[in-house]
>>> print(open('upload_2.cif').read())   # mmCIF, C-alpha atoms and all ligand atoms
data_protein
#
loop_
_atom_site.label_atom_id
_atom_site.label_comp_id
_atom_site.auth_asym_id
_atom_site.auth_seq_id
_atom_site.Cartn_x
_atom_site.Cartn_y
_atom_site.Cartn_z
CA ARG M 1 -133.33 252.86 230.25
CA ILE M 2 -131.57 249.49 230.58
CA CYS M 3 -134.81 247.53 230.53
CA GLN M 4 -135.91 249.41 227.42
CA ARG M 5 -132.69 248.61 225.59
CA TYR M 6 -133.49 244.98 225.02
CA ARG M 7 -137.21 245.10 224.55
CA GLU M 8 -138.74 243.61 221.47
CA CYS M 9 -140.63 245.34 218.75
CA ARG M 10 -144.45 245.38 218.97
CA ASP M 11 -146.17 242.43 217.27
CA ASP M 12 -148.21 244.48 214.83
CA ILE M 13 -145.28 246.52 213.48
CA ASP M 14 -145.69 245.32 209.88
CA THR M 15 -149.30 246.47 209.76
CA LEU M 16 -147.93 250.03 210.04
CA THR M 17 -145.89 249.79 206.84
CA PRO M 18 -148.69 250.88 204.42
CA CYS M 19 -149.30 254.08 206.45
CA PHE M 20 -145.62 255.00 206.41
CA LEU M 21 -145.40 254.23 202.70
CA SER M 22 -148.21 256.67 202.01
CA VAL M 23 -146.42 259.34 204.06
CA TYR M 24 -143.33 258.62 201.97
CA GLU M 25 -145.25 258.88 198.69
CA SER M 26 -146.75 262.21 199.69
CA LEU M 27 -143.23 263.61 200.11
CA ILE M 28 -141.86 262.69 196.67
CA PRO M 29 -141.64 265.77 194.43
CA VAL M 30 -143.61 265.87 191.20
CA GLU M 31 -141.80 265.67 187.83
CA GLU M 32 -142.59 269.29 186.87
CA GLU M 33 -140.49 270.41 189.81
CA LYS M 34 -137.41 268.77 188.31
CA ALA M 35 -138.08 270.27 184.87
CA LYS M 36 -138.33 273.76 186.39
CA GLN M 37 -135.01 273.29 188.19
CA ASN M 38 -133.25 272.08 185.04
CA LYS M 39 -134.59 274.98 183.01
CA LEU M 40 -133.27 277.44 185.56
CA LEU M 41 -129.90 275.66 185.55
CA GLN M 42 -129.66 276.03 181.76
CA LEU M 43 -130.53 279.73 181.92
CA LEU M 44 -127.88 280.34 184.56
CA GLN M 45 -125.33 278.33 182.60
CA LYS M 46 -125.91 280.55 179.57
CA SER M 47 -125.58 283.80 181.43
CA ILE M 48 -122.43 282.66 183.28
CA ASN M 49 -120.78 281.41 180.09
CA LYS M 50 -120.99 284.90 178.60
CA GLU M 51 -118.47 285.96 181.21
CA TRP M 52 -116.63 282.64 181.81
CA PRO M 53 -116.85 280.45 178.66
CA ASN M 54 -115.29 277.39 180.34
CA ALA M 55 -117.26 277.46 183.57
CA GLN M 56 -119.60 274.55 184.35
CA LEU M 57 -122.57 274.47 186.69
CA HIS M 58 -123.33 271.30 188.65
CA LEU M 59 -126.38 270.60 190.78
CA TYR M 60 -125.61 269.15 194.19
CA GLY M 61 -127.48 268.60 197.45
CA SER M 62 -131.01 267.31 197.61
CA CYS M 63 -132.15 268.27 194.11
CA ALA M 64 -129.39 266.05 192.69
CA ASN M 65 -128.99 263.32 195.31
CA THR M 66 -132.67 262.25 194.94
CA PHE M 67 -133.43 262.96 198.62
CA GLY M 68 -135.19 266.28 197.97
CA PHE M 69 -138.73 267.37 198.88
CA SER M 70 -140.80 269.55 196.51
CA ASN M 71 -139.93 272.74 198.30
CA SER M 72 -136.18 272.15 198.69
CA ASP M 73 -133.81 274.90 197.64
CA VAL M 74 -131.54 274.30 194.67
CA ASP M 75 -127.83 273.93 195.46
CA ILE M 76 -125.47 274.72 192.57
CA CYS M 77 -121.69 274.48 192.32
CA LEU M 78 -119.81 276.64 189.83
CA ALA M 79 -116.70 274.79 188.61
CA ILE M 80 -114.25 277.28 187.22
CA ASP M 81 -110.53 277.53 186.64
CA ASP M 82 -109.52 281.18 186.79
CA SER M 83 -106.16 281.72 188.43
CA ASN M 84 -106.37 285.50 187.98
CA MET M 85 -109.12 285.85 190.55
CA SER M 86 -109.49 284.96 194.20
CA ARG M 87 -112.59 283.05 195.28
CA ASN M 88 -114.09 286.15 196.86
CA GLU M 89 -113.57 288.15 193.69
CA MET M 90 -115.29 285.39 191.75
CA LEU M 91 -118.22 285.36 194.17
CA LEU M 92 -118.66 289.13 193.84
CA LYS M 93 -118.40 288.92 190.08
CA LEU M 94 -120.93 286.08 190.04
CA ALA M 95 -123.32 288.19 192.12
CA GLU M 96 -122.93 291.03 189.64
CA ILE M 97 -123.70 288.76 186.66
CA LEU M 98 -126.82 287.37 188.36
CA GLN M 99 -128.05 290.82 189.34
CA SER M 100 -127.74 292.14 185.81
CA ASP M 101 -129.77 289.11 184.68
CA ASN M 102 -132.69 290.24 186.86
CA LEU M 103 -132.41 287.55 189.48
CA GLN M 104 -133.70 288.72 192.84
CA ASN M 105 -132.35 288.98 196.40
CA VAL M 106 -128.81 288.39 195.15
CA GLN M 107 -126.43 288.24 198.10
CA ALA M 108 -122.76 287.22 198.24
CA LEU M 109 -121.94 285.58 201.60
CA THR M 110 -118.16 285.68 201.43
CA ASN M 111 -117.59 284.93 205.13
CA ALA M 112 -119.64 281.74 205.45
CA ARG M 113 -117.88 278.38 206.14
CA VAL M 114 -118.79 277.50 202.57
CA PRO M 115 -118.95 280.92 200.83
CA ILE M 116 -121.96 281.22 198.51
CA VAL M 117 -124.09 283.58 196.47
CA LYS M 118 -127.80 283.38 197.33
CA MET M 119 -130.51 284.37 194.89
CA MET M 120 -134.12 283.82 193.86
CA ASP M 121 -135.53 283.35 190.39
CA PRO M 122 -138.70 285.50 190.19
CA LYS M 123 -140.14 283.47 187.28
CA THR M 124 -140.20 280.12 189.11
CA GLY M 125 -139.89 281.29 192.72
CA ILE M 126 -136.95 278.88 193.16
CA SER M 127 -134.24 279.89 195.64
CA CYS M 128 -130.64 278.92 194.91
CA ASP M 129 -127.32 278.82 196.71
CA ILE M 130 -124.29 278.87 194.40
CA CYS M 131 -120.86 277.88 195.71
CA ILE M 132 -117.57 277.85 193.81
CA ASN M 133 -115.35 274.83 193.16
CA ASN M 134 -116.72 272.80 196.04
CA LEU M 135 -116.11 269.45 194.41
CA PHE M 136 -116.48 267.48 197.64
CA ALA M 137 -120.14 268.44 197.63
CA VAL M 138 -120.51 267.24 194.03
CA VAL M 139 -118.87 263.89 194.86
CA ASN M 140 -120.79 263.25 198.09
CA THR M 141 -124.00 264.08 196.22
CA LYS M 142 -123.16 261.35 193.69
CA LEU M 143 -122.39 258.89 196.49
CA LEU M 144 -125.80 259.46 198.11
CA LYS M 145 -127.53 259.15 194.76
CA ASP M 146 -125.73 255.89 194.02
CA TYR M 147 -126.64 254.40 197.40
CA ALA M 148 -130.27 255.34 196.78
CA GLN M 149 -130.39 253.18 193.66
CA ILE M 150 -129.40 249.99 195.46
CA ASP M 151 -132.44 249.49 197.69
CA ASP M 152 -135.72 251.45 197.81
CA ARG M 153 -135.80 251.21 201.58
CA LEU M 154 -133.03 253.81 201.88
CA HIS M 155 -135.18 256.37 200.08
CA GLN M 156 -138.20 255.52 202.20
CA LEU M 157 -136.28 255.67 205.46
CA ALA M 158 -134.38 258.88 204.64
CA PHE M 159 -137.47 260.78 203.43
CA ILE M 160 -139.39 259.86 206.56
CA VAL M 161 -136.45 260.68 208.85
CA LYS M 162 -135.94 264.06 207.11
CA HIS M 163 -139.65 264.83 207.36
CA TRP M 164 -139.64 263.87 211.06
CA ALA M 165 -136.55 266.03 211.70
CA ARG M 166 -138.16 269.03 210.01
CA SER M 167 -141.45 268.59 211.82
CA ARG M 168 -139.62 268.38 215.15
CA ALA M 169 -137.39 271.40 214.35
CA ILE M 170 -134.12 269.45 214.66
CA ASN M 171 -132.82 269.99 211.10
CA ALA M 172 -130.90 273.28 211.42
CA THR M 173 -127.12 273.39 211.83
CA TYR M 174 -127.27 277.04 212.90
CA GLN M 175 -129.29 275.89 215.94
CA GLY M 176 -126.88 273.09 216.78
CA THR M 177 -128.94 270.29 215.29
CA LEU M 178 -128.12 268.12 212.26
CA SER M 179 -128.11 268.83 208.51
CA SER M 180 -130.18 266.78 206.07
CA TYR M 181 -126.91 265.45 204.74
CA ALA M 182 -126.03 264.09 208.21
CA TYR M 183 -129.44 262.40 208.58
CA VAL M 184 -129.10 260.68 205.21
CA LEU M 185 -125.63 259.38 206.19
CA MET M 186 -127.13 258.05 209.45
CA CYS M 187 -129.72 256.15 207.38
CA ILE M 188 -127.12 254.70 204.99
CA HIS M 189 -124.93 253.58 207.87
CA PHE M 190 -127.89 252.02 209.68
CA LEU M 191 -128.80 249.96 206.59
CA GLN M 192 -125.16 248.88 206.14
CA LEU M 193 -125.27 247.42 209.66
CA ARG M 194 -128.58 245.53 209.42
CA LYS M 195 -128.31 241.78 209.58
CA PRO M 196 -128.48 240.70 206.81
CA ALA M 197 -127.15 243.98 205.41
CA ILE M 198 -129.50 246.06 203.24
CA LEU M 199 -126.71 248.25 201.79
CA PRO M 200 -123.06 247.42 200.99
CA CYS M 201 -120.11 249.67 201.73
CA LEU M 202 -119.27 251.11 198.31
CA GLN M 203 -115.98 252.67 199.44
CA GLU M 204 -114.65 249.27 200.56
CA MET M 205 -115.31 247.72 197.16
CA GLU M 206 -113.24 247.85 193.98
CA ALA M 207 -113.10 251.49 192.83
CA THR M 208 -114.83 252.10 189.51
CA TYR M 209 -115.14 255.85 190.09
CA VAL M 210 -112.15 257.95 191.11
CA LEU M 211 -111.87 261.70 191.44
CA ALA M 212 -109.08 263.65 193.10
CA VAL M 213 -110.37 266.64 195.05
CA ASP M 214 -107.59 268.81 196.41
CA ASP M 215 -105.27 266.22 198.00
CA THR M 216 -107.94 263.65 198.65
CA GLU M 217 -108.72 260.73 196.39
CA CYS M 218 -112.45 260.06 196.32
CA ALA M 219 -112.96 256.50 195.11
CA TYR M 220 -115.72 253.91 195.27
CA PHE M 221 -117.67 251.26 193.37
CA ASP M 222 -120.32 253.12 191.41
CA GLN M 223 -121.75 250.38 189.15
CA VAL M 224 -124.75 250.18 191.42
CA GLU M 225 -127.05 248.63 188.82
CA LYS M 226 -125.11 245.42 189.56
CA LEU M 227 -126.15 245.59 193.22
CA LYS M 228 -129.92 245.71 192.80
CA ASN M 229 -130.42 242.45 194.73
CA PHE M 230 -127.92 243.21 197.44
CA GLY M 231 -130.46 243.53 200.25
CA ALA M 232 -132.92 240.88 199.06
CA GLN M 233 -132.14 238.49 201.94
CA ASN M 234 -133.36 241.07 204.41
CA LYS M 235 -137.18 241.24 204.39
CA GLU M 236 -137.67 244.06 206.90
CA GLY M 237 -140.32 246.62 205.95
CA ILE M 238 -140.15 250.34 206.51
CA ALA M 239 -142.08 250.34 209.82
CA GLN M 240 -139.73 247.77 211.34
CA LEU M 241 -136.71 249.72 210.07
CA LEU M 242 -137.99 253.01 211.47
CA TRP M 243 -138.56 251.35 214.82
CA ALA M 244 -135.02 249.95 214.79
CA PHE M 245 -133.47 253.22 213.56
CA PHE M 246 -134.97 255.32 216.34
CA HIS M 247 -134.39 252.58 218.87
CA HIS M 248 -130.75 252.50 217.92
CA TRP M 249 -130.22 256.25 218.35
CA ALA M 250 -132.34 256.37 221.51
CA TYR M 251 -131.07 253.34 223.42
CA HIS M 252 -128.19 251.54 221.72
CA HIS M 253 -125.76 254.04 220.26
CA ASP M 254 -122.73 254.61 222.47
CA TYR M 255 -122.37 258.40 222.40
CA THR M 256 -119.21 258.40 224.50
CA SER M 257 -117.05 256.26 222.24
CA ASP M 258 -118.62 255.58 218.83
CA VAL M 259 -118.26 257.29 215.47
CA ILE M 260 -120.51 256.19 212.61
CA SER M 261 -118.62 255.76 209.37
CA VAL M 262 -120.28 255.17 205.99
CA ARG M 263 -116.76 255.04 204.51
CA THR M 264 -115.94 251.80 206.36
CA GLY M 265 -119.49 250.53 206.81
CA SER M 266 -118.79 250.08 210.50
CA ILE M 267 -118.54 251.83 213.85
CA ILE M 268 -115.11 253.28 214.57
CA SER M 269 -113.81 254.72 217.82
CA LYS M 270 -113.65 258.37 218.81
CA GLN M 271 -110.23 257.64 220.26
CA LEU M 272 -108.93 256.61 216.86
CA LYS M 273 -110.08 259.91 215.36
CA ASP M 274 -108.96 261.98 218.31
CA TRP M 275 -112.50 263.21 218.73
CA THR M 276 -112.62 262.63 222.46
CA ARG M 277 -112.55 266.18 223.72
CA ARG M 278 -113.75 269.62 222.82
CA ILE M 279 -111.42 271.57 220.55
CA GLY M 280 -112.55 275.13 219.96
CA ASN M 281 -116.21 274.93 219.06
CA ASP M 282 -116.07 271.28 217.97
CA ARG M 283 -117.54 269.15 220.74
CA HIS M 284 -117.98 265.73 219.13
CA LEU M 285 -121.00 264.79 221.26
CA ILE M 286 -122.47 262.81 218.36
CA CYS M 287 -119.96 261.72 215.73
CA ILE M 288 -120.72 261.24 212.05
CA GLU M 289 -117.65 260.92 209.83
CA ASP M 290 -117.87 262.57 206.41
CA PRO M 291 -117.27 259.82 203.81
CA PHE M 292 -114.57 261.80 201.95
CA GLU M 293 -113.45 264.65 204.21
CA THR M 294 -112.65 262.17 206.94
CA SER M 295 -111.34 264.73 209.42
CA HIS M 296 -114.76 266.33 209.30
CA ASP M 297 -117.32 265.36 211.97
CA LEU M 298 -120.81 266.34 210.80
CA GLY M 299 -121.94 266.27 214.42
CA ARG M 300 -119.45 268.85 215.57
CA ILE M 301 -122.01 271.67 215.61
CA VAL M 302 -124.08 269.80 218.19
CA ASP M 303 -123.60 271.33 221.67
CA LYS M 304 -124.51 270.35 225.23
CA HIS M 305 -127.98 271.80 224.90
CA SER M 306 -128.85 270.46 221.44
CA ILE M 307 -127.54 266.91 222.10
CA LYS M 308 -130.10 266.68 224.89
CA ILE M 309 -132.86 267.81 222.54
CA LEU M 310 -131.74 265.35 219.85
CA ARG M 311 -131.62 262.40 222.23
CA GLU M 312 -135.02 263.25 223.68
CA GLU M 313 -136.42 263.36 220.15
CA PHE M 314 -134.91 259.95 219.32
CA GLU M 315 -136.49 258.55 222.50
CA ARG M 316 -139.83 260.17 221.74
CA ALA M 317 -139.78 258.67 218.22
CA ALA M 318 -138.74 255.20 219.46
CA ASP M 319 -141.51 255.23 222.06
CA ILE M 320 -144.12 256.36 219.53
CA LEU M 321 -143.16 253.51 217.21
CA GLN M 322 -143.34 251.10 220.14
CA TYR M 323 -146.62 252.16 221.80
CA ASP M 324 -148.60 254.77 219.89
CA PRO M 325 -151.81 253.56 218.19
CA ASN M 326 -151.26 255.90 215.25
CA PRO M 327 -147.50 256.44 214.85
CA SER M 328 -147.58 257.61 211.22
CA VAL M 329 -149.41 260.72 212.46
CA THR M 330 -148.03 261.27 215.97
CA LEU M 331 -144.40 260.98 214.87
CA PHE M 332 -144.67 264.12 212.73
CA GLU M 333 -146.64 266.33 215.11
CA PRO M 334 -144.99 269.75 214.99
CA TYR M 335 -142.69 270.64 217.82
P1 LIG M 401 -132.39 269.82 202.00
O1 LIG M 401 -133.49 269.14 201.26
O2 LIG M 401 -132.69 269.95 203.46
O3 LIG M 401 -131.89 271.07 201.36
P2 LIG M 401 -129.81 268.68 201.19
O4 LIG M 401 -129.62 267.25 200.75
O5 LIG M 401 -129.67 269.72 200.16
O6 LIG M 401 -131.20 268.74 201.96
P3 LIG M 401 -128.03 269.98 202.96
O7 LIG M 401 -127.74 269.54 204.36
O8 LIG M 401 -128.73 271.27 202.68
O9 LIG M 401 -128.80 268.78 202.34
O10 LIG M 401 -126.67 269.95 202.19
C1 LIG M 401 -126.56 270.14 200.81
C2 LIG M 401 -125.31 269.47 200.30
O11 LIG M 401 -124.19 270.17 200.79
C3 LIG M 401 -125.13 268.02 200.75
O12 LIG M 401 -125.71 267.10 199.86
C4 LIG M 401 -123.65 267.90 200.76
O13 LIG M 401 -123.21 267.65 199.44
C5 LIG M 401 -123.19 269.26 201.16
N1 LIG M 401 -122.98 269.40 202.60
C6 LIG M 401 -123.85 269.87 203.49
N2 LIG M 401 -123.33 269.91 204.72
C7 LIG M 401 -122.09 269.44 204.59
C8 LIG M 401 -121.03 269.27 205.49
N3 LIG M 401 -121.15 269.57 206.79
N4 LIG M 401 -119.87 268.78 204.99
C9 LIG M 401 -119.74 268.49 203.69
N5 LIG M 401 -120.70 268.64 202.79
C10 LIG M 401 -121.85 269.12 203.23
MG MG M 402 -130.26 271.77 200.04
#
>>> encode(input="upload_2.cif", output="structure tokens")
Amino acid sequence: RICQRYRECRDDIDTLTPCFLSVYESLIPVEEEKAKQNKLLQLLQKSINKEWPNAQLHLYGSCANTFGFSNSDVDICLAIDDSNMSRNEMLLKLAEILQSDNLQNVQALTNARVPIVKMMDPKTGISCDICINNLFAVVNTKLLKDYAQIDDRLHQLAFIVKHWARSRAINATYQGTLSSYAYVLMCIHFLQLRKPAILPCLQEMEATYVLAVDDTECAYFDQVEKLKNFGAQNKEGIAQLLWAFFHHWAYHHDYTSDVISVRTGSIISKQLKDWTRRIGNDRHLICIEDPFETSHDLGRIVDKHSIKILREEFERAADILQYDPNPSVTLFEPY
């Protein structure tokens, strides 16, 4: 492994960029998809306001952070201030409202880590998860969306990495692999560390957006239209970046001591976070700090078995980008 760590990228890497760009383009959802989602959101808003006039629905997750594929589910957050009801009572009530509005497969999952109501709209076939008052999700969705507007290469990299992770069956937290949200944070962090940097660290800049969620102040620079040229000094194309991304996670990342942190735009130490040993089910074998809930390691679901699978997949991907004659096909071969 040592000799592989320092090897150089293949000479023809830039000739692979057009192929990866066409993979990227094939993954972008069509406009009608968005229109359908917004229509459904309006319908739901109406039916919920009959019961709760002041309640607001917000889209979050991939249909709002711009990192969604065509077939992504719709994640919705119900923001409501009703001190007479517990969250579980609200979830059950919400399920009742949706059921009486003829939505299908309505299910309240009150015991999940993030309790939600699941349902499907029979008219559009769209599946939705609705959570209640989860404002962290709304804020981190905005952060991802804002980063995406700074440099197109983030979008390209994250779509391809998400597509790769799905094809290789390593995008399922219930199986001990990583969420889409974690992969996008890995991409942002990677681009923050390029030399010259392709993305800034918005949370280290002057705060132009501030929202208090519970006891946490979420603050960062959100005037991203002023940062359009931020990465212009760096001329790397998507093929080169993919090579370097997989190479980093296969051969350079220090799994025993490093935590990646989009919040600081740097690597911080596991020691500092006290993430050095297993506590309960949290193993911290790959550490990805949540940008706002900083005590939250998005890698904590990864166990001894799945870390091995993940690292083998990073190595497979790095080697394909290094040697394969047709990496834009081989990379995505189903597991
Ligand atoms: P997909 O296209 O796969 O549905 P997604 O962007 O919706 O991708 P998910 O991983 O399904 O990503 O997460 C949806 C949203 O939920 C994220 O954008 C984030 O706001 C929030 N979220 C997910 N996992 C976590 C987590 N572990 N901690 C905090 N927020 C999370
Ligand atoms: Mg989602």
>>> residues_near_ligand(input="upload_2.cif", ligand="ligand LIG 401 (chain M)", cutoff="6 Å", atoms="all atoms listed in the file", output="list in words")
Tyr60, Gly61, Ser62, Gly68, Ser72, Asp73, Ala137, Asn140, Thr141, Ser179, Ser180, Tyr181 and Leu298 of chain M
>>> write_last_selection(input="upload_2.cif", atoms="C-alpha atoms", output="CSV table (one decimal), keeping the file's coordinate frame")
chain,number,residue,atom,x,y,z
M,60,TYR,CA,-125.6,269.2,194.2
M,61,GLY,CA,-127.5,268.6,197.4
M,62,SER,CA,-131.0,267.3,197.6
M,68,GLY,CA,-135.2,266.3,198.0
M,72,SER,CA,-136.2,272.2,198.7
M,73,ASP,CA,-133.8,274.9,197.6
M,137,ALA,CA,-120.1,268.4,197.6
M,140,ASN,CA,-120.8,263.2,198.1
M,141,THR,CA,-124.0,264.1,196.2
M,179,SER,CA,-128.1,268.8,208.5
M,180,SER,CA,-130.2,266.8,206.1
M,181,TYR,CA,-126.9,265.4,204.7
M,298,LEU,CA,-120.8,266.3,210.8
>>> closest_residue(input="upload_2.cif", among="M:Gln99, M:Arg194, M:Cys131, M:Leu285", to="His248 in chain M", atoms="only C-alpha atoms")
M:Arg194
>>> residues_around(input="upload_2.cif", residues="Leu202 in chain M", least_positions_apart="5", cutoff="9 Å", atoms="only C-alpha atoms", output="short mmCIF file (atom, residue, chain, number, x, y, z; two decimals) with C-alpha atoms, in the coordinates of the input")
data_model
loop_
_atom_site.label_atom_id
_atom_site.label_comp_id
_atom_site.auth_asym_id
_atom_site.auth_seq_id
_atom_site.Cartn_x
_atom_site.Cartn_y
_atom_site.Cartn_z
CA LEU M 143 -122.39 258.89 196.49
CA TYR M 147 -126.64 254.40 197.40
CA ALA M 207 -113.10 251.49 192.83
CA ALA M 219 -112.96 256.50 195.11
CA TYR M 220 -115.72 253.91 195.27
CA PHE M 221 -117.67 251.26 193.37
CA ASP M 222 -120.32 253.12 191.41
CA VAL M 224 -124.75 250.18 191.42
CA VAL M 262 -120.28 255.17 205.99
CA ARG M 263 -116.76 255.04 204.51
CA THR M 264 -115.94 251.80 206.36
CA GLY M 265 -119.49 250.53 206.81
#
>>> closest_residue(input="upload_2.cif", among="M:Ser47, M:Gln203, M:Arg166, M:Lys142", to="Ala95 in chain M", atoms="all atoms listed in the file")
M:Ser47
>>> residues_around(input="upload_2.cif", residues="Pro53 in chain M", least_positions_apart="4", cutoff="12 Å", atoms="all atoms listed in the file", output="PyMOL selection string")
chain M and resi 45-49+57+79-82
>>> write_last_selection(input="upload_2.cif", atoms="C-alpha atoms", output="tab-separated table (two decimals), keeping the file's coordinate frame")
chain	number	residue	atom	x	y	z
M	45	GLN	CA	-125.33	278.33	182.60
M	46	LYS	CA	-125.91	280.55	179.57
M	47	SER	CA	-125.58	283.80	181.43
M	48	ILE	CA	-122.43	282.66	183.28
M	49	ASN	CA	-120.78	281.41	180.09
M	57	LEU	CA	-122.57	274.47	186.69
M	79	ALA	CA	-116.70	274.79	188.61
M	80	ILE	CA	-114.25	277.28	187.22
M	81	ASP	CA	-110.53	277.53	186.64
M	82	ASP	CA	-109.52	281.18	186.79
>>> closest_residue(input="upload_2.cif", among="M:Gln107, M:Ser100, M:Asn84, M:Ser127", to="ligand MG 402 (chain M)", atoms="only C-alpha atoms and all ligand atoms")
M:Ser127
>>> residues_near_point(input="upload_2.cif", point="(-128.7, 243.2, 192.1)", cutoff="12 Å", atoms="all atoms listed in the file", output="ChimeraX atom specification")
/M:149-151,198-200,223-233
>>> residues_near_point(input="upload_2.cif", point="(-147.9, 256.2, 216.5)", cutoff="12 Å", atoms="all atoms listed in the file", output="ChimeraX atom specification")
/M:10,12-13,15-17,19-20,239,242-243,316-333
>>> write_last_selection(input="upload_2.cif", atoms="C-alpha atoms", output="mmCIF file, in the frame of the given file")
data_model
loop_
_atom_site.group_PDB
_atom_site.id
_atom_site.type_symbol
_atom_site.label_atom_id
_atom_site.label_comp_id
_atom_site.auth_asym_id
_atom_site.auth_seq_id
_atom_site.Cartn_x
_atom_site.Cartn_y
_atom_site.Cartn_z
ATOM 1 C CA ARG M 10 -144.450 245.380 218.970
ATOM 2 C CA ASP M 12 -148.210 244.480 214.830
ATOM 3 C CA ILE M 13 -145.280 246.520 213.480
ATOM 4 C CA THR M 15 -149.300 246.470 209.760
ATOM 5 C CA LEU M 16 -147.930 250.030 210.040
ATOM 6 C CA THR M 17 -145.890 249.790 206.840
ATOM 7 C CA CYS M 19 -149.300 254.080 206.450
ATOM 8 C CA PHE M 20 -145.620 255.000 206.410
ATOM 9 C CA ALA M 239 -142.080 250.340 209.820
ATOM 10 C CA LEU M 242 -137.990 253.010 211.470
ATOM 11 C CA TRP M 243 -138.560 251.350 214.820
ATOM 12 C CA ARG M 316 -139.830 260.170 221.740
ATOM 13 C CA ALA M 317 -139.780 258.670 218.220
ATOM 14 C CA ALA M 318 -138.740 255.200 219.460
ATOM 15 C CA ASP M 319 -141.510 255.230 222.060
ATOM 16 C CA ILE M 320 -144.120 256.360 219.530
ATOM 17 C CA LEU M 321 -143.160 253.510 217.210
ATOM 18 C CA GLN M 322 -143.340 251.100 220.140
ATOM 19 C CA TYR M 323 -146.620 252.160 221.800
ATOM 20 C CA ASP M 324 -148.600 254.770 219.890
ATOM 21 C CA PRO M 325 -151.810 253.560 218.190
ATOM 22 C CA ASN M 326 -151.260 255.900 215.250
ATOM 23 C CA PRO M 327 -147.500 256.440 214.850
ATOM 24 C CA SER M 328 -147.580 257.610 211.220
ATOM 25 C CA VAL M 329 -149.410 260.720 212.460
ATOM 26 C CA THR M 330 -148.030 261.270 215.970
ATOM 27 C CA LEU M 331 -144.400 260.980 214.870
ATOM 28 C CA PHE M 332 -144.670 264.120 212.730
ATOM 29 C CA GLU M 333 -146.640 266.330 215.110
#
>>> residues_around(input="upload_2.cif", residues="Pro29 in chain M", least_positions_apart="5", cutoff="10 Å", atoms="all atoms listed in the file", output="MDAnalysis selection string")
chainID M and resid 34 63 66:72
>>> atom_distance(input="upload_2.cif", atom1="CA of His253 in chain M", atom2="CA of Val23 in chain M")
26.8 Å
>>> atom_distance(input="upload_2.cif", atom1="CA of Leu157 in chain M", atom2="CA of Ser269 in chain M")
25.7 Å
>>> closest_residue(input="upload_2.cif", among="M:Val213, M:Leu40, M:Ile309, M:Ile132", to="Glu293 in chain M", atoms="only C-alpha atoms")
M:Val213
>>> atom_distance(input="upload_2.cif", atom1="CA of Arg300 in chain M", atom2="CA of Arg153 in chain M")
27.8 Å
>>> closest_residue(input="upload_2.cif", among="M:Asn171, M:Ser266, M:Thr256, M:Gln271", to="ligand MG 402 (chain M)", atoms="only C-alpha atoms and all ligand atoms")
M:Asn171
>>> closest_residue(input="upload_2.cif", among="M:Glu96, M:Glu89, M:Asp282, M:Asp297", to="Pro115 in chain M", atoms="all atoms listed in the file")
M:Glu89
>>> axis_aligned_box(input="upload_2.cif", around="range 271-280 of chain M", padding_each_side="8 Å", output="AutoDock Vina command-line options")
--center_x -111.3 --center_y 265.9 --center_z 219.5 --size_x 20.8 --size_y 34.5 --size_z 24.4
>>> residues_around(input="upload_2.cif", residues="Leu178 in chain M", least_positions_apart="6", cutoff="10 Å", atoms="all atoms listed in the file", output="list of chain:residue names")
M:Ala165, M:Ile170, M:Asn171, M:Ala172, M:Ile286, M:Leu298, M:Gly299, M:Arg300, M:Ile301, M:Val302, M:Ser306, M:Ile307, M:Leu310
